[in-house]
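The data block below is final.pdb; it holds PDB, C-alpha atoms, pLDDT in the B column.
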ATOM      1  CA  MET A  51      11.179  62.785 111.199  1.00 56.00           C
ATOM      2  CA  GLN A  52      11.280  66.083 113.000  1.00 84.00           C
ATOM      3  CA  PHE A  53      14.472  68.107 112.646  1.00 88.00           C
ATOM      4  CA  GLU A  54      14.754  68.511 116.421  1.00 90.00           C
ATOM      5  CA  GLN A  55      14.672  64.722 116.873  1.00 91.00           C
ATOM      6  CA  LEU A  56      17.437  64.344 114.307  1.00 91.00           C
ATOM      7  CA  GLN A  57      19.587  66.815 116.262  1.00 91.00           C
ATOM      8  CA  LYS A  58      18.869  65.018 119.557  1.00 94.00           C
ATOM      9  CA  ASP A  59      19.848  61.685 118.025  1.00 94.00           C
ATOM     10  CA  MET A  60      23.098  63.196 116.766  1.00 94.00           C
ATOM     11  CA  ILE A  61      23.891  64.554 120.251  1.00 95.00           C
ATOM     12  CA  ASN A  62      23.098  61.161 121.806  1.00 95.00           C
ATOM     13  CA  ALA A  63      25.441  59.478 119.316  1.00 94.00           C
ATOM     14  CA  MET A  64      28.165  61.966 120.264  1.00 95.00           C
ATOM     15  CA  LYS A  65      27.667  61.259 123.957  1.00 96.00           C
ATOM     16  CA  ALA A  66      27.781  57.521 123.281  1.00 96.00           C
ATOM     17  CA  LYS A  67      30.977  58.058 121.242  1.00 96.00           C
ATOM     18  CA  ASP A  68      29.355  56.257 118.290  1.00 94.00           C
ATOM     19  CA  LYS A  69      31.316  57.954 115.508  1.00 94.00           C
ATOM     20  CA  VAL A  70      29.685  56.091 112.609  1.00 93.00           C
ATOM     21  CA  ARG A  71      26.159  56.923 113.797  1.00 94.00           C
ATOM     22  CA  LYS A  72      27.079  60.530 114.607  1.00 95.00           C
ATOM     23  CA  ASP A  73      28.633  61.024 111.175  1.00 94.00           C
ATOM     24  CA  ALA A  74      25.637  59.541 109.360  1.00 94.00           C
ATOM     25  CA  ILE A  75      23.118  61.641 111.286  1.00 94.00           C
ATOM     26  CA  SER A  76      25.316  64.723 110.921  1.00 94.00           C
ATOM     27  CA  VAL A  77      25.114  64.355 107.144  1.00 94.00           C
ATOM     28  CA  LEU A  78      21.308  64.279 107.397  1.00 94.00           C
ATOM     29  CA  VAL A  79      21.233  67.359 109.652  1.00 94.00           C
ATOM     30  CA  SER A  80      23.505  69.278 107.267  1.00 93.00           C
ATOM     31  CA  ALA A  81      21.470  68.249 104.217  1.00 93.00           C
ATOM     32  CA  ALA A  82      18.214  69.334 105.882  1.00 92.00           C
ATOM     33  CA  LYS A  83      19.747  72.685 106.855  1.00 93.00           C
ATOM     34  CA  LYS A  84      21.027  73.202 103.306  1.00 93.00           C
ATOM     35  CA  ILE A  85      17.600  72.539 101.788  1.00 92.00           C
ATOM     36  CA  ALA A  86      15.976  74.902 104.293  1.00 91.00           C
ATOM     37  CA  ILE A  87      18.490  77.668 103.589  1.00 92.00           C
ATOM     38  CA  ASP A  88      18.113  77.203  99.825  1.00 92.00           C
ATOM     39  CA  GLU A  89      14.343  77.589 100.226  1.00 89.00           C
ATOM     40  CA  GLY A  90      14.622  80.603 102.522  1.00 87.00           C
ATOM     41  CA  SER A  91      13.339  78.975 105.710  1.00 81.00           C
ATOM     42  CA  ARG A  92      16.552  78.822 107.708  1.00 78.00           C
ATOM     43  CA  ASP A  93      14.896  78.934 111.150  1.00 80.00           C
ATOM     44  CA  ASN A  94      11.866  76.778 110.419  1.00 85.00           C
ATOM     45  CA  ILE A  95      12.898  73.437 108.937  1.00 88.00           C
ATOM     46  CA  THR A  96       9.786  71.514 107.952  1.00 87.00           C
ATOM     47  CA  GLN A  97       9.083  67.791 108.109  1.00 86.00           C
ATOM     48  CA  GLU A  98       8.906  67.681 104.314  1.00 85.00           C
ATOM     49  CA  GLN A  99      12.355  69.283 103.961  1.00 87.00           C
ATOM     50  CA  VAL A 100      13.859  66.779 106.394  1.00 89.00           C
ATOM     51  CA  ASP A 101      12.238  63.883 104.520  1.00 87.00           C
ATOM     52  CA  ARG A 102      13.596  65.135 101.191  1.00 87.00           C
ATOM     53  CA  ALA A 103      17.082  65.519 102.667  1.00 90.00           C
ATOM     54  CA  VAL A 104      16.989  62.007 104.118  1.00 91.00           C
ATOM     55  CA  LEU A 105      15.825  60.456 100.835  1.00 89.00           C
ATOM     56  CA  LYS A 106      18.465  62.354  98.859  1.00 91.00           C
ATOM     57  CA  GLU A 107      21.277  61.275 101.175  1.00 94.00           C
ATOM     58  CA  ILE A 108      20.076  57.664 101.225  1.00 92.00           C
ATOM     59  CA  LYS A 109      20.121  57.663  97.423  1.00 91.00           C
ATOM     60  CA  THR A 110      23.675  59.050  97.428  1.00 93.00           C
ATOM     61  CA  VAL A 111      24.932  56.430  99.904  1.00 94.00           C
ATOM     62  CA  LYS A 112      23.154  53.658  97.959  1.00 92.00           C
ATOM     63  CA  GLU A 113      24.968  54.764  94.793  1.00 93.00           C
ATOM     64  CA  GLN A 114      28.284  54.766  96.682  1.00 93.00           C
ATOM     65  CA  LEU A 115      27.528  51.300  97.995  1.00 91.00           C
ATOM     66  CA  ASP A 116      26.596  49.984  94.549  1.00 91.00           C
ATOM     67  CA  THR A 117      29.672  51.424  92.814  1.00 93.00           C
ATOM     68  CA  CYS A 118      32.212  50.487  95.476  1.00 88.00           C
ATOM     69  CA  PRO A 119      34.577  47.740  94.277  1.00 90.00           C
ATOM     70  CA  ALA A 120      34.046  44.369  95.979  1.00 86.00           C
ATOM     71  CA  ASP A 121      37.685  44.182  97.095  1.00 91.00           C
ATOM     72  CA  ARG A 122      37.258  47.381  99.197  1.00 91.00           C
ATOM     73  CA  LYS A 123      35.521  45.520 102.023  1.00 91.00           C
ATOM     74  CA  GLU A 124      36.253  48.128 104.708  1.00 92.00           C
ATOM     75  CA  ARG A 125      34.863  50.987 102.585  1.00 91.00           C
ATOM     76  CA  LYS A 126      31.845  48.906 101.576  1.00 92.00           C
ATOM     77  CA  ALA A 127      31.115  48.104 105.250  1.00 92.00           C
ATOM     78  CA  GLU A 128      31.307  51.826 106.080  1.00 92.00           C
ATOM     79  CA  TYR A 129      28.817  52.684 103.311  1.00 93.00           C
ATOM     80  CA  GLN A 130      26.517  49.863 104.416  1.00 94.00           C
ATOM     81  CA  ALA A 131      26.548  51.069 108.037  1.00 94.00           C
ATOM     82  CA  ARG A 132      25.802  54.628 106.932  1.00 94.00           C
ATOM     83  CA  TYR A 133      22.994  53.381 104.653  1.00 94.00           C
ATOM     84  CA  ASP A 134      21.444  51.321 107.476  1.00 94.00           C
ATOM     85  CA  ILE A 135      21.522  54.248 109.908  1.00 94.00           C
ATOM     86  CA  MET A 136      20.056  56.701 107.400  1.00 93.00           C
ATOM     87  CA  SER A 137      17.333  54.221 106.462  1.00 90.00           C
ATOM     88  CA  GLU A 138      16.044  54.414 110.045  1.00 91.00           C
ATOM     89  CA  TYR A 139      15.101  58.033 109.347  1.00 91.00           C
ATOM     90  CA  ALA A 140      13.505  57.459 105.944  1.00 87.00           C
ATOM     91  CA  PRO A 141       9.843  58.408 105.680  1.00 84.00           C
ATOM     92  CA  ALA A 142       7.380  55.566 105.141  1.00 84.00           C
ATOM     93  CA  MET A 143       6.779  55.055 101.444  1.00 83.00           C
ATOM     94  CA  MET A 144       3.446  54.326  99.814  1.00 86.00           C
ATOM     95  CA  SER A 145       2.829  50.817  98.515  1.00 86.00           C
ATOM     96  CA  GLU A 146       1.909  50.015  94.927  1.00 88.00           C
ATOM     97  CA  GLU A 147      -1.760  49.598  95.874  1.00 89.00           C
ATOM     98  CA  GLU A 148      -1.790  52.904  97.799  1.00 89.00           C
ATOM     99  CA  ILE A 149      -0.308  54.687  94.784  1.00 88.00           C
ATOM    100  CA  ARG A 150      -2.868  53.129  92.440  1.00 87.00           C
ATOM    101  CA  THR A 151      -5.748  54.116  94.770  1.00 89.00           C
ATOM    102  CA  TYR A 152      -4.413  57.653  95.155  1.00 87.00           C
ATOM    103  CA  ILE A 153      -4.077  58.136  91.388  1.00 85.00           C
ATOM    104  CA  MET A 154      -7.545  56.759  90.661  1.00 86.00           C
ATOM    105  CA  LYS A 155      -9.099  58.940  93.367  1.00 85.00           C
ATOM    106  CA  HIS A 156      -7.301  62.248  92.772  1.00 83.00           C
ATOM    107  CA  PHE A 157      -6.438  62.094  89.074  1.00 80.00           C
ATOM    108  CA  ALA A 158      -9.411  60.238  87.559  1.00 79.00           C
ATOM    109  CA  GLU A 159      -9.920  62.904  84.868  1.00 81.00           C
ATOM    110  CA  LEU A 160      -6.265  62.631  83.794  1.00 76.00           C
ATOM    111  CA  VAL A 161      -6.412  58.833  83.777  1.00 78.00           C
ATOM    112  CA  GLU A 162      -9.273  59.144  81.269  1.00 79.00           C
ATOM    113  CA  THR A 163      -6.917  60.899  78.823  1.00 79.00           C
ATOM    114  CA  LYS A 164      -4.555  57.885  78.892  1.00 79.00           C
ATOM    115  CA  ASN A 165      -1.647  60.319  78.474  1.00 80.00           C
ATOM    116  CA  LYS A 166       1.129  58.839  80.595  1.00 82.00           C
ATOM    117  CA  GLY A 167       3.225  62.013  80.445  1.00 84.00           C
ATOM    118  CA  GLN A 168       0.458  64.236  81.797  1.00 83.00           C
ATOM    119  CA  ILE A 169      -0.426  61.729  84.506  1.00 83.00           C
ATOM    120  CA  MET A 170       3.226  61.379  85.594  1.00 85.00           C
ATOM    121  CA  LYS A 171       3.706  65.160  85.693  1.00 85.00           C
ATOM    122  CA  ALA A 172       0.683  65.661  87.941  1.00 84.00           C
ATOM    123  CA  VAL A 173       1.283  62.639  90.169  1.00 85.00           C
ATOM    124  CA  MET A 174       5.006  63.213  90.752  1.00 85.00           C
ATOM    125  CA  GLY A 175       4.318  66.708  92.052  1.00 81.00           C
ATOM    126  CA  GLU A 176       1.893  65.306  94.617  1.00 82.00           C
ATOM    127  CA  LEU A 177       3.729  62.134  95.645  1.00 82.00           C
ATOM    128  CA  LYS A 178       7.364  63.259  95.552  1.00 77.00           C
ATOM    129  CA  GLY A 179       8.988  62.039  98.770  1.00 74.00           C
ATOM    130  CA  LYS A 180       5.977  59.908  99.651  1.00 80.00           C
ATOM    131  CA  ALA A 181       6.491  57.137  97.119  1.00 83.00           C
ATOM    132  CA  ASP A 182       9.346  55.755  95.042  1.00 81.00           C
ATOM    133  CA  GLY A 183       9.487  57.374  91.598  1.00 82.00           C
ATOM    134  CA  LYS A 184      10.162  54.072  89.841  1.00 86.00           C
ATOM    135  CA  LEU A 185       7.146  52.480  91.498  1.00 88.00           C
ATOM    136  CA  ILE A 186       4.953  55.453  90.539  1.00 87.00           C
ATOM    137  CA  ASN A 187       6.152  55.093  86.950  1.00 88.00           C
ATOM    138  CA  GLN A 188       5.283  51.374  86.928  1.00 89.00           C
ATOM    139  CA  VAL A 189       1.797  52.024  88.327  1.00 88.00           C
ATOM    140  CA  VAL A 190       1.098  54.861  85.860  1.00 85.00           C
ATOM    141  CA  SER A 191       2.359  52.725  82.968  1.00 86.00           C
ATOM    142  CA  ALA A 192       0.089  49.859  84.013  1.00 85.00           C
ATOM    143  CA  ILE A 193      -2.903  52.195  84.338  1.00 81.00           C
ATOM    144  CA  ALA A 194      -2.234  53.786  80.927  1.00 77.00           C
ATOM    145  CA  ARG A 195      -1.782  50.367  79.242  1.00 77.00           C
ATOM    146  CA  ARG A 196      -4.785  48.778  80.905  1.00 68.00           C
ATOM    147  CA  ASP A 197      -7.151  51.491  79.795  1.00 48.00           C
ATOM    148  CA  SER A 198      -5.832  51.613  76.245  1.00 44.00           C
TER     149      SER A 198
END

Written form, structure tokens:
Amino acid sequence: MQFEQLQKDMINAMKAKDKVRKDAISVLVSAAKKIAIDEGSRDNITQEQVDRAVLKEIKTVKEQLDTCPADRKERKAEYQARYDIMSEYAPAMMSEEEIRTYIMKHFAELVETKNKGQIMKAVMGELKGKADGKLINQVVSAIARRDS
């Protein structure tokens, strides 16, 4: 998701007077700007920074949704709407098979060592934001066990 597109979508939501959508996208815009400023690239917000911001905010809203008491239906509906809107902007994640193929292709020498910690350290640096960390962990564990 390009940062400019995110801003356009927020403006369109404002024009349509869709407060829930505008608020959700506004959170994403602010998070992307914050990451860019923290990394010293205030004027040039990259695709990768936007993706990281989106994933971070989705995780936050998911936690809010999961911890919200069941009797707070209105609040839960608000979190769910925000989660659904933010999910539209989430980058496509790699599948289990894609992760396995990537690891075997790019980290074959590390896989030979059967050291799960070393493999995870190398792989997470490469695949952060492109694949779910839990799924990467499962794949690396399976690879390390299988070869043992």

Work out how far atom CA of Val104 of chain A is from atom CA of Gln55 of chain A, in Å to one decimal.
13.2 Å

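In this comparison, which uses all atoms listed in the file, the residue of A:Met170, A:Met143, A:Ala120, A:Ile186 approaching Leu105 of chain A most closely is A:Met143.
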
What is the distance between atom CA of Ala66 of chain A and atom CA of Thr110 of chain A, in Å to one decimal?
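According to the coordinates, atom CA of Ala66 of chain A and atom CA of Thr110 of chain A are separated by 26.2 Å.
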
For segment 87-99 of chain A, find every residue with an atom within 12 Å (counting all atoms listed in the file), except residues of its own chain fewer than 3 positions away, and show them as number ranges by chain.
A: 51-57, 78-84, 102-106, 139-141, 177-180

What does the distance between atom CA of Val189 of chain A and atom CA of Lys109 of chain A come to in Å, to one decimal place?
21.2 Å

Considering all atoms listed in the file, return as a list in words whatever protein or nucleic-acid residues lie within 10 Å of Ile169 of chain A, sequence-local ones (same chain, fewer than 6 positions apart) excluded.
Ile153, Phe157, Ala158, Glu159, Leu160, Val161, Glu162, Thr163, Asn187, Val190, Ser191, Ile193 and Ala194 of chain A

I need the residues from that last selection saved to file as a short mmCIF file (atom, residue, chain, number, x, y, z; two decimals), keeping the file's coordinate frame (with C-alpha atoms), if you can.
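Final output, result_17.cif:
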data_model
loop_
_atom_site.label_atom_id
_atom_site.label_comp_id
_atom_site.auth_asym_id
_atom_site.auth_seq_id
_atom_site.Cartn_x
_atom_site.Cartn_y
_atom_site.Cartn_z
CA ILE A 153 -4.08 58.14 91.39
CA PHE A 157 -6.44 62.09 89.07
CA ALA A 158 -9.41 60.24 87.56
CA GLU A 159 -9.92 62.90 84.87
CA LEU A 160 -6.26 62.63 83.79
CA VAL A 161 -6.41 58.83 83.78
CA GLU A 162 -9.27 59.14 81.27
CA THR A 163 -6.92 60.90 78.82
CA ASN A 187 6.15 55.09 86.95
CA VAL A 190 1.10 54.86 85.86
CA SER A 191 2.36 52.72 82.97
CA ILE A 193 -2.90 52.20 84.34
CA ALA A 194 -2.23 53.79 80.93
#

Restricting the calculation to only C-alpha atoms, which member of A:Met136, A:Ala192, A:Ala142, A:Val111 is positioned closest to Asp59 of chain A?
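Using only C-alpha atoms, the shortest distance to Asp59 of chain A belongs to A:Met136.
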
Draw an axis-aligned box over all listed atoms of segment 73-91 of chain A, pad each side with 6 Å, and write its centre and edge lengths in Å, one decimal, as JSON.
{"center_x": 21.0, "center_y": 70.1, "center_z": 105.6, "size_x": 27.3, "size_y": 33.1, "size_z": 23.5}

Within 12 Å of Lys126 of chain A using only C-alpha atoms, minus same-chain residues under 5 positions, as a PDB file with C-alpha atoms, keeping the file's coordinate frame:
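out_0.pdb written:
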ATOM      1  CA  VAL A 111      24.932  56.430  99.904  1.00 94.00           C
ATOM      2  CA  LYS A 112      23.154  53.658  97.959  1.00 92.00           C
ATOM      3  CA  GLU A 113      24.968  54.764  94.793  1.00 93.00           C
ATOM      4  CA  GLN A 114      28.284  54.766  96.682  1.00 93.00           C
ATOM      5  CA  LEU A 115      27.528  51.300  97.995  1.00 91.00           C
ATOM      6  CA  ASP A 116      26.596  49.984  94.549  1.00 91.00           C
ATOM      7  CA  THR A 117      29.672  51.424  92.814  1.00 93.00           C
ATOM      8  CA  CYS A 118      32.212  50.487  95.476  1.00 88.00           C
ATOM      9  CA  PRO A 119      34.577  47.740  94.277  1.00 90.00           C
ATOM     10  CA  ALA A 120      34.046  44.369  95.979  1.00 86.00           C
ATOM     11  CA  ASP A 121      37.685  44.182  97.095  1.00 91.00           C
ATOM     12  CA  ALA A 131      26.548  51.069 108.037  1.00 94.00           C
ATOM     13  CA  ARG A 132      25.802  54.628 106.932  1.00 94.00           C
ATOM     14  CA  TYR A 133      22.994  53.381 104.653  1.00 94.00           C
TER      15      TYR A 133
END

Quick one: of A:Asp101, A:Glu107, A:Asp73, A:Glu124, who's nearest to Ala86 of chain A, counting only C-alpha atoms?
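Of the candidates, the smallest distance to Ala86 of chain A is held by A:Asp101.
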
Distance criterion (all atoms listed in the file): nearest to Tyr152 of chain A out of A:Asp68, A:Glu176, A:Asp134, A:Asp182
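Between A:Asp68, A:Glu176, A:Asp134, A:Asp182, the residue approaching Tyr152 of chain A most closely is A:Glu176.
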
Between A:Ile135, A:Ala181, A:Val173, A:Met60, which one has atoms that come closest to Glu148 of chain A, using all atoms listed in the file?
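When distances to Glu148 of chain A are compared using all atoms listed in the file, the smallest one comes from A:Ala181.
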